[in-house]
file start.csv (CSV, C-alpha atoms)
chain,number,residue,atom,x,y,z
A,4,MET,CA,12.6,5.9,33.4
A,5,THR,CA,15.5,6.2,30.9
A,6,ASP,CA,14.6,2.8,29.3
A,7,ARG,CA,11.0,3.9,28.9
A,8,ARG,CA,12.0,7.2,27.3
A,9,LEU,CA,14.3,5.4,24.9
A,10,GLY,CA,11.5,3.0,24.0
A,11,ALA,CA,9.0,5.8,23.4
A,12,LEU,CA,11.6,7.5,21.2
A,13,ALA,CA,12.2,4.3,19.2
A,14,LEU,CA,8.4,3.8,18.8
A,15,LEU,CA,8.0,7.4,17.5
A,16,GLY,CA,10.9,7.1,15.1
A,17,GLY,CA,9.5,3.7,13.7
A,18,SER,CA,6.0,5.2,13.3
A,19,ALA,CA,7.4,8.2,11.4
A,20,LEU,CA,9.5,5.9,9.2
A,21,ALA,CA,6.4,3.7,8.4
A,22,LEU,CA,4.4,6.9,7.6
A,23,VAL,CA,7.1,8.0,5.1
A,24,VAL,CA,7.1,4.6,3.4
A,25,GLN,CA,3.3,4.4,3.2
A,26,VAL,CA,3.1,7.9,1.7
A,27,ALA,CA,5.9,7.2,-0.8
A,28,ALA,CA,4.5,3.8,-1.9
A,29,PRO,CA,1.1,3.0,-0.4
A,30,VAL,CA,0.5,-0.6,0.2
A,31,GLY,CA,-2.9,-2.3,0.4
A,32,VAL,CA,-4.0,-5.7,1.6
A,33,PRO,CA,-2.0,-8.4,-0.3
A,34,LEU,CA,-3.9,-10.2,-3.0
A,35,TYR,CA,-1.7,-13.4,-2.8
A,36,ASP,CA,-0.7,-15.6,0.1
A,37,GLY,CA,2.9,-15.4,1.2
A,38,VAL,CA,5.5,-12.9,0.0
A,39,VAL,CA,5.0,-11.5,-3.5
A,40,VAL,CA,8.1,-10.3,-5.3
A,41,GLN,CA,7.0,-7.5,-7.7
A,42,GLU,CA,9.2,-7.4,-10.8
A,43,PRO,CA,9.4,-4.3,-13.0
A,44,TYR,CA,6.5,-3.8,-15.4
A,45,ARG,CA,7.1,-5.1,-18.9
A,46,TYR,CA,6.1,-2.9,-21.8
A,47,LEU,CA,5.2,-4.0,-25.2
A,48,ARG,CA,6.9,-0.9,-26.6
A,49,PRO,CA,9.5,-0.1,-23.9
A,50,GLY,CA,11.2,3.3,-23.6
A,51,GLY,CA,14.5,4.2,-22.1
A,52,GLY,CA,15.2,2.2,-18.9
A,53,GLN,CA,11.9,0.2,-19.2
A,54,ALA,CA,11.7,-3.6,-19.3
A,55,GLY,CA,10.2,-5.2,-22.4
A,56,ALA,CA,8.9,-8.6,-23.6
A,57,PRO,CA,5.6,-8.9,-21.8
A,58,THR,CA,4.2,-12.4,-21.7
A,59,SER,CA,0.9,-13.8,-23.1
A,60,PHE,CA,-1.4,-16.6,-22.1
A,61,ALA,CA,-3.2,-19.3,-24.2
A,62,SER,CA,-5.0,-22.5,-23.2
A,63,THR,CA,-7.8,-24.8,-24.5
A,64,PRO,CA,-9.9,-26.0,-21.6
A,65,VAL,CA,-12.4,-28.8,-22.4
A,66,VAL,CA,-16.2,-28.3,-22.2
A,67,SER,CA,-17.8,-30.8,-19.9
A,68,GLU,CA,-21.5,-31.6,-19.5
A,69,GLY,CA,-22.5,-28.8,-21.8
A,70,VAL,CA,-21.2,-25.9,-19.7
A,71,SER,CA,-18.1,-23.8,-20.0
A,72,PRO,CA,-15.5,-24.9,-17.5
A,73,LEU,CA,-13.9,-23.0,-14.6
A,74,PHE,CA,-10.5,-21.6,-15.5
A,75,ALA,CA,-7.9,-19.1,-14.3
A,76,ALA,CA,-5.8,-17.4,-17.1
A,77,ALA,CA,-2.8,-15.2,-16.2
A,78,THR,CA,0.4,-13.9,-17.7
A,79,THR,CA,3.6,-15.1,-16.1
A,80,GLU,CA,5.0,-11.9,-14.7
A,81,SER,CA,5.2,-11.6,-10.9
A,82,PRO,CA,2.6,-10.6,-10.1
A,83,PRO,CA,0.7,-11.2,-13.4
A,84,GLN,CA,0.1,-8.1,-15.5
A,85,ALA,CA,-3.2,-9.5,-16.9
A,86,GLN,CA,-5.6,-12.1,-15.5
A,87,LEU,CA,-9.0,-13.5,-16.4
A,88,ILE,CA,-10.8,-15.8,-13.9
A,89,SER,CA,-14.0,-17.5,-14.9
A,90,GLN,CA,-16.5,-19.6,-12.8
A,91,GLU,CA,-18.2,-22.6,-14.3
A,92,ASP,CA,-21.0,-21.9,-16.8
A,93,ALA,CA,-20.0,-18.3,-17.2
A,94,PHE,CA,-20.1,-18.3,-21.0
A,95,ALA,CA,-22.9,-19.1,-23.4
A,96,LEU,CA,-21.7,-22.0,-25.5
A,97,SER,CA,-22.2,-22.2,-29.3
A,98,THR,CA,-23.9,-25.3,-30.7
A,99,GLY,CA,-21.5,-28.2,-30.8
A,100,ALA,CA,-18.8,-26.5,-28.7
A,101,THR,CA,-16.4,-29.1,-27.3
A,102,GLY,CA,-13.7,-26.8,-26.0
A,103,LEU,CA,-12.6,-23.2,-25.4
A,104,ARG,CA,-9.7,-21.1,-26.6
A,105,VAL,CA,-8.7,-18.7,-23.9
A,106,SER,CA,-6.1,-16.1,-24.7
A,107,ILE,CA,-4.6,-12.9,-23.2
A,108,THR,CA,-2.3,-10.9,-25.5
A,109,PRO,CA,-0.7,-7.5,-25.2
A,110,VAL,CA,-1.5,-5.4,-28.3
A,111,ASP,CA,-0.5,-2.1,-29.8
A,112,PRO,CA,-2.6,0.7,-28.2
A,113,PRO,CA,-5.4,2.3,-30.1
A,114,PRO,CA,-5.7,6.1,-30.0
A,115,VAL,CA,-5.3,7.4,-26.4
A,116,PRO,CA,-8.4,8.5,-24.5
A,117,PRO,CA,-8.9,12.3,-24.9
A,118,ASP,CA,-9.1,12.8,-21.1
A,119,GLY,CA,-6.2,10.8,-20.0
A,120,ARG,CA,-3.4,8.4,-20.8
A,121,ILE,CA,-2.9,4.7,-21.0
A,122,ALA,CA,-0.8,3.3,-18.1
A,123,GLY,CA,1.1,0.2,-19.3
A,124,ASN,CA,-0.1,-2.1,-22.0
A,125,VAL,CA,-3.4,-2.7,-23.7
A,126,TYR,CA,-4.4,-6.4,-23.3
A,127,ARG,CA,-6.8,-8.3,-25.6
A,128,PHE,CA,-8.9,-10.8,-23.7
A,129,SER,CA,-10.6,-13.5,-25.9
A,130,VAL,CA,-12.7,-16.6,-25.2
A,131,THR,CA,-13.9,-18.6,-28.2
A,132,ASP,CA,-15.1,-22.1,-29.1
A,133,GLN,CA,-12.8,-24.6,-30.8
A,134,ALA,CA,-13.8,-23.0,-34.2
A,135,GLY,CA,-12.9,-19.5,-33.1
A,136,ASN,CA,-16.4,-18.2,-32.6
A,137,PRO,CA,-16.5,-15.6,-29.8
A,138,LEU,CA,-18.5,-16.7,-26.8
A,139,PRO,CA,-20.7,-14.1,-25.0
A,140,ILE,CA,-20.7,-13.8,-21.2
A,141,LYS,CA,-23.9,-14.9,-19.5
A,142,PRO,CA,-25.7,-12.4,-17.3
A,143,CYS,CA,-24.2,-13.1,-13.9
A,144,GLU,CA,-22.8,-11.3,-10.9
A,145,GLY,CA,-19.1,-11.9,-10.3
A,146,CYS,CA,-18.8,-15.0,-12.4
A,147,ILE,CA,-15.9,-13.5,-14.3
A,148,THR,CA,-13.1,-11.3,-13.0
A,149,LEU,CA,-10.7,-9.4,-15.1
A,150,VAL,CA,-7.5,-8.0,-13.5
A,151,LEU,CA,-4.9,-5.6,-14.9
A,152,ARG,CA,-1.7,-4.5,-13.2
A,153,ALA,CA,-0.4,-1.0,-14.0
A,154,PRO,CA,3.2,0.2,-13.9
A,155,GLU,CA,4.6,1.0,-10.4
A,156,GLY,CA,3.7,4.4,-9.3
A,157,THR,CA,0.4,4.5,-11.1
A,158,GLU,CA,-2.4,5.9,-8.8
A,159,ALA,CA,-6.1,6.5,-9.3
A,160,GLY,CA,-6.3,4.3,-12.4
A,161,GLN,CA,-9.5,3.3,-14.1
A,162,LEU,CA,-10.2,0.2,-16.2
A,163,ARG,CA,-11.5,1.0,-19.7
A,164,ARG,CA,-12.6,-1.1,-22.7
A,165,PHE,CA,-11.9,0.0,-26.3
A,166,ALA,CA,-14.6,-1.0,-28.8
A,167,ASP,CA,-16.1,0.5,-31.9
A,168,GLY,CA,-13.4,3.2,-32.0
A,169,ALA,CA,-14.0,4.6,-28.5
A,170,TRP,CA,-13.0,4.0,-24.9
A,171,SER,CA,-15.7,3.3,-22.4
A,172,ALA,CA,-15.3,3.2,-18.6
A,173,VAL,CA,-16.2,0.1,-16.7
A,174,GLU,CA,-16.7,-0.5,-13.0
A,175,THR,CA,-13.3,-0.6,-11.4
A,176,ASN,CA,-12.2,-2.0,-8.1
A,177,HIS,CA,-8.8,-2.0,-6.4
A,178,ALA,CA,-7.5,-5.5,-6.6
A,179,GLY,CA,-5.7,-5.4,-3.2
A,180,MET,CA,-2.2,-4.6,-4.3
A,181,VAL,CA,-0.6,-1.4,-5.5
A,182,ALA,CA,-1.5,-0.5,-9.1
A,183,MET,CA,-3.8,-3.5,-9.6
A,184,TYR,CA,-7.4,-3.1,-10.7
A,185,SER,CA,-10.2,-5.5,-11.3
A,186,THR,CA,-13.7,-5.5,-12.8
A,187,SER,CA,-16.5,-8.0,-13.6
A,188,PRO,CA,-16.8,-7.6,-17.3
A,189,THR,CA,-19.9,-8.0,-19.4
A,190,ALA,CA,-17.9,-8.3,-22.6
A,191,LEU,CA,-14.3,-9.1,-23.5
A,192,GLY,CA,-12.0,-7.3,-25.9
A,193,ASP,CA,-9.2,-4.7,-25.4
A,194,TYR,CA,-8.7,-3.4,-21.9
A,195,ALA,CA,-6.3,-1.0,-20.3
A,196,VAL,CA,-5.7,1.0,-17.2
A,197,VAL,CA,-6.3,4.7,-17.9
A,198,VAL,CA,-5.2,7.6,-15.7
A,199,ILE,CA,-7.0,10.9,-16.0
A,200,GLY,CA,-4.3,13.5,-16.5
A,201,GLY,CA,-1.1,13.2,-14.4
A,202,SER,CA,2.5,12.5,-15.2
A,203,PRO,CA,3.7,9.5,-17.3
A,204,ALA,CA,3.5,6.1,-15.5
A,205,GLY,CA,6.7,5.0,-13.8
A,206,ASP,CA,8.0,8.6,-13.5
A,207,PRO,CA,7.7,10.4,-10.1
A,208,GLY,CA,5.2,13.3,-10.6
A,209,LEU,CA,5.5,16.7,-9.0
A,210,ALA,CA,2.7,15.8,-6.5
A,211,ASP,CA,4.5,12.7,-5.4
A,212,ALA,CA,7.7,14.6,-4.9
A,213,ILE,CA,6.0,17.3,-2.8
A,214,ILE,CA,4.2,14.7,-0.7
A,215,LEU,CA,7.4,12.8,-0.1
A,216,GLY,CA,9.3,16.0,0.8
A,217,VAL,CA,6.6,17.1,3.2
A,218,ALA,CA,6.6,13.7,4.9
A,219,ALA,CA,10.4,13.8,5.3
A,220,VAL,CA,10.3,17.2,6.9
A,221,VAL,CA,7.5,16.1,9.3
A,222,VAL,CA,9.6,13.1,10.3
A,223,LEU,CA,12.7,15.2,11.0
A,224,VAL,CA,10.7,17.7,13.1
A,225,LEU,CA,9.2,14.9,15.1
A,226,LEU,CA,12.6,13.3,15.7
A,227,ALA,CA,14.1,16.6,16.7
A,228,ALA,CA,11.3,17.3,19.1
A,229,ALA,CA,11.6,13.9,20.7
A,230,VAL,CA,15.4,14.2,21.2
A,231,LEU,CA,15.0,17.7,22.8
A,232,ALA,CA,12.3,16.4,25.1
A,233,PHE,CA,14.5,13.4,26.1
A,234,ARG,CA,17.5,15.6,26.9
A,235,SER,CA,15.5,18.1,28.9
A,236,ARG,CA,14.0,15.4,31.1
A,237,SER,CA,17.2,13.4,31.6
A,238,GLY,CA,19.5,16.4,32.5
A,239,PRO,CA,19.8,18.2,35.9
A,240,SER,CA,17.3,20.9,36.7
A,241,PRO,CA,18.6,24.6,36.8
A,242,ALA,CA,17.8,24.9,40.5
A,243,ARG,CA,19.9,22.0,41.4
A,244,VAL,CA,22.8,23.2,39.3
A,245,ALA,CA,22.6,26.6,40.9
A,246,ARG,CA,22.7,25.2,44.5
A,247,GLY,CA,25.6,23.0,43.6
A,248,ALA,CA,27.6,25.9,42.1
A,249,GLY,CA,27.0,28.3,45.0
A,250,GLY,CA,28.9,26.3,47.6
A,251,ALA,CA,25.9,25.1,49.5
A,252,GLY,CA,26.9,21.5,49.0
A,253,PRO,CA,25.7,19.0,46.5
A,254,ALA,CA,22.3,19.4,44.8
A,255,GLY,CA,19.4,17.8,46.6
A,256,PRO,CA,17.2,18.4,49.6
A,257,ARG,CA,18.8,19.7,52.8
A,258,PRO,CA,19.3,17.1,55.5
A,259,ARG,CA,16.9,17.3,58.4
A,260,SER,CA,18.3,18.4,61.8
A,261,ILE,CA,19.2,15.6,64.1
A,262,PRO,CA,17.1,15.7,67.2
A,263,SER,CA,18.9,16.0,70.6
A,264,LYS,CA,19.4,12.9,72.6
A,265,ARG,CA,19.4,14.7,75.9
A,266,LYS,CA,16.2,14.1,77.9
A,267,ARG,CA,14.4,17.1,79.4
A,268,PRO,CA,13.7,17.0,83.2
A,269,PRO,CA,10.2,15.9,84.0
A,270,ARG,CA,7.7,18.6,84.6
A,271,PRO,CA,6.2,18.8,88.1
A,272,PRO,CA,2.7,17.7,88.6
A,273,THR,CA,0.0,20.3,88.2
A,274,GLY,CA,-0.7,22.3,91.3
A,275,SER,CA,2.6,21.4,93.2
A,276,LYS,CA,5.3,23.9,94.0
A,277,PRO,CA,8.9,23.3,93.3
A,278,GLN,CA,11.0,22.7,96.4

call {"tool": "encode", "arguments": {"input": "start.csv", "output": "structure tokens"}}
result
Amino acid sequence: MTDRRLGALALLGGSALALVVQVAAPVGVPLYDGVVVQEPYRYLRPGGGQAGAPTSFASTPVVSEGVSPLFAAATTESPPQAQLISQEDAFALSTGATGLRVSITPVDPPPVPPDGRIAGNVYRFSVTDQAGNPLPIKPCEGCITLVLRAPEGTEAGQLRRFADGAWSAVETNHAGMVAMYSTSPTALGDYAVVVIGGSPAGDPGLADAIILGVAAVVVLVLLAAAVLAFRSRSGPSPARVARGAGGAGPAGPRPRSIPSKRKRPPRPPTGSKPQ
């Protein structure tokens, strides 16, 4: 029984620890196979204690059989901070197009949205022909996927596109990892993760601190209750301790009386008189 109680206590403690970790840094289903090492977010204009020098992407895939080729563009951070994945024939080619110019570049942010803040960098996504003419996206469902990674600690982000002097919301999906968001764009351009209200990205907000504190208190209460329950079950009962202290012998049930080994005389048959 002691081993079973210790196992239950260990299971309870492990579950409580997993709860604290999940509340502090929620983890979704991984987007990549294997173990992904997440490096700190790189800012185009880093502040104190922030990493800088974000990477860009550029390639020139060749047009084959008159359709735009399949390609996967991504910056080189781990995991990438910006990605653009295109299926075959996703772009409407210009006349005489022989190749594409695909680029992803961090750019200085435009005016911030009036109802929120930009989390991380603004990235410019561009796909043109070999002459630099922008290529429109064909009407399709899921033929192009755009993914942005926000700084660690960013929650409830939304992808937005900046065009014609204003930010517009686009359909946003969680990309499977913490602070990664995806969409199926209908047009390229400048994109960013926008958080409505909240504290600056990368800094623990008041709500996060409160949640973490409450989770820690819950864990301590559960562990204390488990320890008290274990001690109360494994120690001697008060009744046994009282019997042992009163001189009535060691705790435990009283021994049964030993039956006598002497045999009783046989009873006379019914109806006969004793002689």

call {"tool": "closest_residue", "arguments": {"input": "start.csv", "among": "A:Arg152, A:Arg120, A:Arg48, A:His177", "to": "Val198 in chain A", "atoms": "only C-alpha atoms"}}
result
A:Arg120

call {"tool": "closest_residue", "arguments": {"input": "start.csv", "among": "A:Asn124, A:Val70, A:Leu96, A:Pro113", "to": "Gly55 in chain A", "atoms": "only C-alpha atoms"}}
result
A:Asn124

call {"tool": "closest_residue", "arguments": {"input": "start.csv", "among": "A:Leu149, A:Val125, A:Ala169, A:Leu191", "to": "Ala75 in chain A", "atoms": "all atoms listed in the file"}}
result
A:Leu149

call {"tool": "residues_around", "arguments": {"input": "start.csv", "residues": "Val110 in chain A", "least_positions_apart": "6", "cutoff": "12 Å", "atoms": "all atoms listed in the file", "output": "ChimeraX atom specification"}}
result
/A:46-48,56-59,123-128,165,192-195

call {"tool": "closest_residue", "arguments": {"input": "start.csv", "among": "A:Ala172, A:Val196, A:Ala95, A:Val130", "to": "Val150 in chain A", "atoms": "only C-alpha atoms"}}
result
A:Val196

call {"tool": "atom_distance", "arguments": {"input": "start.csv", "atom1": "CA of Val66 in chain A", "atom2": "CA of Asp132 in chain A"}}
result
9.3 Å

call {"tool": "closest_residue", "arguments": {"input": "start.csv", "among": "A:Ala182, A:Ala100, A:Ala85, A:Val105", "to": "Gln133 in chain A", "atoms": "all atoms listed in the file"}}
result
A:Ala100

call {"tool": "atom_distance", "arguments": {"input": "start.csv", "atom1": "CA of Ile88 in chain A", "atom2": "CA of Thr148 in chain A"}}
result
5.1 Å

call {"tool": "atom_distance", "arguments": {"input": "start.csv", "atom1": "CA of Val197 in chain A", "atom2": "CA of Ala159 in chain A"}}
result
8.8 Å

call {"tool": "closest_residue", "arguments": {"input": "start.csv", "among": "A:Thr157, A:Asn176, A:Thr101, A:Asn136", "to": "Ile199 in chain A", "atoms": "all atoms listed in the file"}}
result
A:Thr157

call {"tool": "residues_around", "arguments": {"input": "start.csv", "residues": "Leu151 in chain A", "least_positions_apart": "3", "cutoff": "6 Å", "atoms": "all atoms listed in the file", "output": "PDB file with C-alpha atoms, keeping the file's coordinate frame"}}
result
ATOM      1  CA  GLN A  84       0.100  -8.100 -15.500  1.00  0.00           C
ATOM      2  CA  ALA A  85      -3.200  -9.500 -16.900  1.00  0.00           C
ATOM      3  CA  MET A 183      -3.800  -3.500  -9.600  1.00  0.00           C
ATOM      4  CA  TYR A 184      -7.400  -3.100 -10.700  1.00  0.00           C
TER       5      TYR A 184
END
